[in-house]
Protein chains: 2
Amino acid sequence: MPNDVGHEIADALGTLLKRSTREQIHRRLTEGLGEAVDEVTYPVLSGLARTGPRSAAGLADEIGLDRSGVTRRATRLEEAGLLSREPDPGDRRATLLTLTEAGRQAIETTRQRLAAHIEDSLAAWPPGEARAFARQLHRFVDHGPFTS
Amino acid sequence: MPNDVGHEIADALGTLLKRSTREQIHRRLTEGLGEAVDEVTYPVLSGLARTGPRSAAGLADEIGLDRSGVTRRATRLEEAGLLSREPDPGDRRATLLTLTEAGRQAIETTRQRLAAHIEDSLAAWPPGEARAFARQLHRFVDHGPFTS
DNA sequence: GCATATTGCGTGCCCCGCGCACGCTAATCT
DNA sequence: AGATTAGCGTGCGCGGGGCACGCAATATGC
């Protein structure tokens, strides 16, 4: 085997996914935000924060989930006061999912906390190396494998 | 914000996990290996291949799953002929989970396929850069955040 | 040496996430 | 105007996963 870069990356991604799917990341990051924001409802908030008010179907496409799942999670978040359903002014059958101020604050807090957590653990790295790694990771995710 | 490396990495990891948890990776990699090797049973095979014959409790600890889950997955894999339960010679109550030759071949095939897939998509990178990225990713996973 | 505690497995039970399908309303097409 | 399509919400069944129990085998205490 002349080049085992693929194996190296595969192993690293494997252990990384193994830890993340155990929801340890989200659990650690969302603690103190209220019980409504768990690793299940997080993608809904995150997607909304990224694209602004949006319909359930659009979010479902982006998250890669069934529309019913988005509906249920939205209901839960709505009861928690982090999300509100507002009628689409242009289409009266559609309901736009919109973050409330509390929702925006919650997602922003988690984002800041996650970034700080990552930067803390990267403090020992040479600063230029950390920056290069971030850029390469970004490229890997955008143009790498699994960009189905 | 003087340094947004954390945000960059967080975003990249977010999209990466979003794609992977949708089991798209495992589904793509395990197709053609028989129905028994799905994204659920894969960690059992992978863990066994890494550490050799092992008890269910040990595997459960490593995977981060309940022991009952390991038992059920092992049963499924055993029925598929990829795994065998052999009594521990030193402890007659324990049963060592052991990969059969078919199991070893299956896990090896998926590993090769995954590595090839990754290397293909990294073919356009400067070779030194890809290697450096692999090493940094490895370090990130080992000594980075989330090393609970 | 025997009774008790501990360890390792397997299994039944329950919860919950998720996809599917149905019904309903509103918008669009002919 | 009637038919078709798009957007939602909800009931249902399936399957993964944790918890607890029972059983067998080993280790420990008296």
# chains A, B, ... in the order shown; residues from 1 in each chain; ligands from 1
>>> closest_atom_pairs(of="chain D", to="chain A", cutoff="10 Å", atoms="only C-alpha atoms (C1' of nucleotides)", output="CSV")
residue,atom,partner,partner_atom,distance
D:DA6,C1',A:Arg93,CA,9.1
D:DG7,C1',A:Ala94,CA,5.7
D:DC8,C1',A:Ala94,CA,7.5
D:DG9,C1',A:Thr71,CA,7.5
D:DT10,C1',A:Ser68,CA,8.8
>>> residues_around(residues="DC18 of chain C", least_positions_apart="3", cutoff="12 Å", atoms="only C-alpha atoms (C1' of nucleotides)", output="list in words")
Val40, Gly64, Leu65, Asp66, Arg67, Ser68, Gly69, Val70, Thr71, Arg72 and Arg73 of chain A; Arg22 of chain B; DC12, DG13, DC14, DG15 and DG16 of chain D
>>> closest_atom_pairs(of="chain D", to="segment 5-10 of chain C", cutoff="8 Å", atoms="only C-alpha atoms (C1' of nucleotides)", output="Markdown table")
| residue | atom | partner | partner_atom | distance |
| --- | --- | --- | --- | --- |
| D:DT26 | C1' | C:DT7 | C1' | 7.5 |
| D:DA27 | C1' | C:DT6 | C1' | 7.1 |
| D:DT28 | C1' | C:DA5 | C1' | 7.3 |
>>> write_last_selection(atoms="all heavy atoms", output="short mmCIF file (atom, residue, chain, number, x, y, z; two decimals), in the first residue's frame")
data_model
loop_
_atom_site.label_atom_id
_atom_site.label_comp_id
_atom_site.auth_asym_id
_atom_site.auth_seq_id
_atom_site.Cartn_x
_atom_site.Cartn_y
_atom_site.Cartn_z
P DT D 26 -16.72 -21.40 35.72
OP1 DT D 26 -15.83 -21.74 34.60
OP2 DT D 26 -17.19 -22.45 36.66
"O5'" DT D 26 -16.03 -20.25 36.58
"C5'" DT D 26 -15.85 -18.96 36.00
"C4'" DT D 26 -15.80 -17.92 37.09
"O4'" DT D 26 -17.08 -17.89 37.79
"C3'" DT D 26 -14.74 -18.16 38.17
"O3'" DT D 26 -13.81 -17.09 38.16
"C2'" DT D 26 -15.53 -18.23 39.48
"C1'" DT D 26 -16.81 -17.50 39.12
N1 DT D 26 -17.98 -17.87 39.94
C2 DT D 26 -18.49 -16.95 40.83
O2 DT D 26 -18.03 -15.84 40.97
N3 DT D 26 -19.58 -17.38 41.54
C4 DT D 26 -20.20 -18.63 41.45
O4 DT D 26 -21.16 -18.90 42.14
C5 DT D 26 -19.60 -19.54 40.50
C7 DT D 26 -20.19 -20.91 40.33
C6 DT D 26 -18.53 -19.13 39.80
P DA D 27 -12.50 -17.12 39.06
OP1 DA D 27 -11.43 -16.48 38.28
OP2 DA D 27 -12.32 -18.49 39.59
"O5'" DA D 27 -12.87 -16.16 40.27
"C5'" DA D 27 -13.26 -14.81 40.01
"C4'" DA D 27 -13.74 -14.14 41.29
"O4'" DA D 27 -14.96 -14.78 41.73
"C3'" DA D 27 -12.76 -14.22 42.47
"O3'" DA D 27 -12.72 -12.95 43.11
"C2'" DA D 27 -13.38 -15.27 43.39
"C1'" DA D 27 -14.86 -15.09 43.12
N9 DA D 27 -15.67 -16.28 43.34
C8 DA D 27 -15.52 -17.51 42.77
N7 DA D 27 -16.40 -18.40 43.16
C5 DA D 27 -17.19 -17.70 44.06
C6 DA D 27 -18.32 -18.07 44.83
N6 DA D 27 -18.84 -19.29 44.80
N1 DA D 27 -18.86 -17.12 45.63
C2 DA D 27 -18.32 -15.89 45.64
N3 DA D 27 -17.28 -15.42 44.97
C4 DA D 27 -16.76 -16.39 44.18
P DT D 28 -11.67 -12.69 44.24
OP1 DT D 28 -11.15 -11.33 44.04
OP2 DT D 28 -10.74 -13.83 44.31
"O5'" DT D 28 -12.58 -12.69 45.55
"C5'" DT D 28 -13.71 -11.83 45.63
"C4'" DT D 28 -14.51 -12.11 46.89
"O4'" DT D 28 -15.21 -13.36 46.77
"C3'" DT D 28 -13.67 -12.20 48.18
"O3'" DT D 28 -14.26 -11.39 49.18
"C2'" DT D 28 -13.75 -13.68 48.55
"C1'" DT D 28 -15.12 -14.05 48.00
N1 DT D 28 -15.30 -15.49 47.73
C2 DT D 28 -16.38 -16.16 48.27
O2 DT D 28 -17.21 -15.61 48.96
N3 DT D 28 -16.46 -17.49 47.94
C4 DT D 28 -15.58 -18.22 47.16
O4 DT D 28 -15.74 -19.42 46.94
C5 DT D 28 -14.46 -17.47 46.64
C7 DT D 28 -13.44 -18.16 45.78
C6 DT D 28 -14.37 -16.15 46.94
#
>>> closest_residue(among="C:DG17, C:DG12, C:DG1, C:DG23", to="chain A", atoms="only C-alpha atoms (C1' of nucleotides)")
C:DG17
>>> interface_residues(of="chain C", to="chain A", cutoff="7 Å", atoms="only C-alpha atoms (C1' of nucleotides)", output="PyMOL selection string")
chain C and resi 18-19+25-26
>>> closest_atom_pairs(of="chain B", to="chain A", cutoff="7 Å", atoms="only C-alpha atoms", output="tab-separated table")
residue	atom	partner	partner_atom	distance
B:Val5	CA	A:Arg131	CA	6.2
B:Gly6	CA	A:Ala115	CA	4.0
B:His7	CA	A:Ala115	CA	5.0
B:Glu8	CA	A:Ala134	CA	6.2
B:Ile9	CA	A:Ala134	CA	5.5
B:Ala10	CA	A:Ala115	CA	6.2
B:Ala12	CA	A:His138	CA	5.4
B:Leu16	CA	A:Val141	CA	6.2
B:Ile25	CA	A:Phe146	CA	6.8
B:Leu114	CA	A:Ala10	CA	6.8
B:Ala115	CA	A:Gly6	CA	4.1
B:Ala116	CA	A:Gly6	CA	6.4
B:His117	CA	A:Pro145	CA	6.8
B:Ile118	CA	A:Gly6	CA	5.4
B:Glu119	CA	A:Gly6	CA	5.2
B:Ser121	CA	A:Gly144	CA	5.3
B:Leu122	CA	A:Gly144	CA	6.6
B:Arg131	CA	A:Val5	CA	6.2
B:Phe133	CA	A:Phe133	CA	6.7
B:Ala134	CA	A:Ile9	CA	5.5
B:Gln136	CA	A:Phe133	CA	6.8
B:Leu137	CA	A:Ala12	CA	6.7
B:His138	CA	A:Ala12	CA	5.4
B:Val141	CA	A:Ala12	CA	6.2
B:Gly144	CA	A:Ser121	CA	5.3
B:Pro145	CA	A:Ser121	CA	5.5
B:Phe146	CA	A:Ile25	CA	6.7
>>> write_last_selection(atoms="C-alpha atoms", output="mmCIF file, in the first residue's frame")
data_model
loop_
_atom_site.group_PDB
_atom_site.id
_atom_site.type_symbol
_atom_site.label_atom_id
_atom_site.label_comp_id
_atom_site.auth_asym_id
_atom_site.auth_seq_id
_atom_site.Cartn_x
_atom_site.Cartn_y
_atom_site.Cartn_z
ATOM 1 C CA VAL B 5 -11.209 29.239 13.516
ATOM 2 C CA GLY B 6 -13.579 27.651 16.006
ATOM 3 C CA HIS B 7 -16.625 28.727 14.035
ATOM 4 C CA GLU B 8 -15.101 27.494 10.820
ATOM 5 C CA ILE B 9 -14.363 24.076 12.237
ATOM 6 C CA ALA B 10 -17.722 23.924 13.965
ATOM 7 C CA ALA B 12 -17.547 22.062 8.819
ATOM 8 C CA LEU B 16 -20.138 16.602 7.975
ATOM 9 C CA ILE B 25 -21.785 6.932 4.148
ATOM 10 C CA LEU B 114 -13.807 3.667 2.109
ATOM 11 C CA ALA B 115 -10.121 4.469 1.845
ATOM 12 C CA ALA B 116 -10.252 4.367 -1.932
ATOM 13 C CA HIS B 117 -13.286 6.602 -1.964
ATOM 14 C CA ILE B 118 -11.575 9.163 0.208
ATOM 15 C CA GLU B 119 -8.329 9.052 -1.727
ATOM 16 C CA SER B 121 -11.794 12.649 -3.860
ATOM 17 C CA LEU B 122 -8.452 13.886 -2.558
ATOM 18 C CA ARG B 131 -0.898 13.944 3.988
ATOM 19 C CA PHE B 133 -4.345 17.144 6.566
ATOM 20 C CA ALA B 134 -4.645 13.473 7.452
ATOM 21 C CA GLN B 136 -3.762 16.973 11.584
ATOM 22 C CA LEU B 137 -7.163 15.357 11.483
ATOM 23 C CA HIS B 138 -5.788 12.432 13.409
ATOM 24 C CA VAL B 141 -9.541 13.566 16.912
ATOM 25 C CA GLY B 144 -8.757 17.756 20.279
ATOM 26 C CA PRO B 145 -12.139 18.565 21.761
ATOM 27 C CA PHE B 146 -14.626 15.805 22.503
#
>>> atom_distance(atom1="atom CA of Thr110 of chain B", atom2="atom CA of Leu29 of chain B")
6.1 Å
>>> residues_around(residues="DC14 of chain C", least_positions_apart="6", cutoff="12 Å", atoms="only C-alpha atoms (C1' of nucleotides)", output="PyMOL selection string")
chain D and resi 17-20
